[in-house]
Every structure is written in structure tokens, then in C-alpha cells.
Amino acid sequence: MEYGIRELSKLAGVSARTLRYYDEIGLLKPCYVSEAGYRFYGEEEVALLQQILFYRERGFNLKQIRQIVYRADFDIMNALEEHLLELEEQRRHVEALIRTVKQTICQVKGECEMSDMERFEAFKERIVRENEERYGREIREKYGDEEVDASNRKLMNMSQEDYERFQNLGEEIKIRLKEGAASGMKPDSEEAKRIVILHKEWLGMTWKKYTEEAHKAIANLYICDERFKIYYDAEVSGCADLLEQAVRFWVDKV
């Protein structure tokens, strides 16, 4: 079945303007354009649009989506299974948050007791699960089960203050990297040195033992593995490269 742009717009719940933009950037091309200039979409385009919307729901930007769906090895069935796992994880996380909110309400009412660790358990569990699902196989092969399990325990046992520091550090590093990548920051600059110091502290909060060699290795993963790279390059490209170069330059000096 074929759809005109307005029909597909209504079917998918996206604007015709969005579909035209997707065409312009090469994300979703119509199967053909009529002599009058009208775009038409077939089954393959409809299936691809669904994938694009799934990835959008998961927080990927358009550039990242285009890189994924046009890979030579892209497989829709594998993508659907990946979406399902991600959505099930989101459901588990929401259920954990609901339990935490209910328990907090109960505590505020004086009907039960709740420790500070329990207040943040759902948030920390999500970080551990996401890291395991996305990077678990690689980091376990590289560092071993004992190191990874110890890191997970360290995160789960963080106090309220330590957890907030951990979260704030991660955000500050991302902000400084985005500003640096956008302004052409040099990896041997003092600001880059500050980023490396913050990154070292951030890693040390979950690692069983910090080493300069391991710091260099994890920074190298940020540029060698697309999944790791996306963590820093999601909004501004060049952040992962800047961090890797800065770590390589400064890690032995801080």
C-alpha cells in the first residue's frame, strides 16, 4: 500500500513538514515523487519510519538514527528486539520509581521507615542495568567479572551525598566537553586538564581501583566503540575525541 505525504503524516502522527525534512536530510526518502512533485511512500518507507520513531522515543538524535538505519548490517528484526528490551527496561524502571514514590509517601505520613539509601535505589539500579545491557559483555571481557561486580556494588552502596556528587560530576563533564568541542578547545589546555581531573574523580567513585592505564583504556573505548562514543557525542560531535586526547595528554600529570 502506498501513502501520500499527508496520509502518512496522519497515520504516523508526525507532521508533513517533518517528513519533508526527513527527505531533505536523507533520513527517509519517498519511494517516488510524482511529476507534480508529490511524495509517495511504500511499505519499506513505512517500516523505516516506524524505526525512526522508535529511536526518537529512545532519545537518539537524527544524525545517530541515520547512521544506524543505513548501516549495511542493519536488520529490522534485531532492531525490534532491541527496542523491546529497552522498553521493558523502561517499564521496570518506572515500576521501581512507583514503588519508591509510594514508600516515600508512606514514610512522610509516618507509616513506615525509609533509609536514605532506599530513596535513591531505583535510580542507581537503572544505571547498573543500562551499563550491563549496553557495555556489560565488553567490559567484563576486558576487566573481568570481579572488577565489574565490585564497581556495581560500589555504586549501589553510595550514600545520598556521594550519589548526588557522582551524578553532578557526570553532568559537569558533559557540559564542559560540549563547550570545549564547540569552541575548539585544545586537549593540552588547562580547561582540558580540569575535565580530566573531574573524569578521574568520576571513574574513581565506582571503580574498585583506579589506574592511569585503565583510565586511558576506557577513554580509548569512547572513540573506538560507537555505543560508548554516543554517550558523549549525543548533542555535540567531537566530545569523545576531545576527552580521549585530553586523557592521553594529562592522565600522567594529574
# chains A, B, ... in the order shown; residues from 1 in each chain; ligands from 1

$ select_by_dssp --residues "range 8-243 of chain A" --states "strand (DSSP E or B)" --output "list in words"
Tyr32, Val33, Arg39, Phe40 and Tyr41 of chain A

$ residues_around --residues "Phe54 in chain A" --least-positions-apart "3" --cutoff "12 Å" --atoms "only C-alpha atoms" --output "list in words"
Ala12, Ala47, Leu48, Leu49, Gln50, Gln51, Glu57, Arg58, Gly59, Phe60, Asn61, Leu62, Ile65, Val69, Ile76, Ala79, Leu80, Glu81, Glu82, His83, Leu84, Glu86 and Leu87 of chain A

$ residues_around --residues "Tyr231 in chain A" --least-positions-apart "6" --cutoff "10 Å" --atoms "only C-alpha atoms" --output "NGL selection string"
:A and (174 or 222 or 239-240)

$ residues_around --residues "Asp225 in chain A" --least-positions-apart "6" --cutoff "12 Å" --atoms "only C-alpha atoms" --output "list in words"
Arg134, Tyr135, Glu138, Ile139, Ala217, Ile218, Ala219, Tyr231, Tyr232, Asp233, Ala240 and Asp241 of chain A

$ residues_around --residues "Ala246 in chain A" --least-positions-apart "3" --cutoff "8 Å" --atoms "only C-alpha atoms" --output "ChimeraX atom specification"
/A:187-188,192-193,196,242-243,249-251

$ select_by_dssp --residues "range 130-219 of chain A" --states "alpha helix (DSSP H)" --output "MDAnalysis selection string"
chainID A and resid 130:143 145:156 160:183 190:204 212:219

$ residues_around --residues "Lys29 in chain A" --least-positions-apart "4" --cutoff "9 Å" --atoms "only C-alpha atoms" --output "ChimeraX atom specification"
/A:19-20,22-25,39,41,45

$ atom_distance --atom1 "CA of Ala96 in chain A" --atom2 "CA of Arg56 in chain A"
23.6 Å

$ closest_residue --among "A:Val46, A:Val254, A:Ile127, A:Met205" --to "Leu8 in chain A" --atoms "only C-alpha atoms"
A:Val46

$ atom_distance --atom1 "CA of Lys200 in chain A" --atom2 "CA of Gln90 in chain A"
29.5 Å

$ residues_around --residues "Ala16 in chain A" --least-positions-apart "4" --cutoff "7 Å" --atoms "only C-alpha atoms" --output "PyMOL selection string"
chain A and resi 5-6+9+20
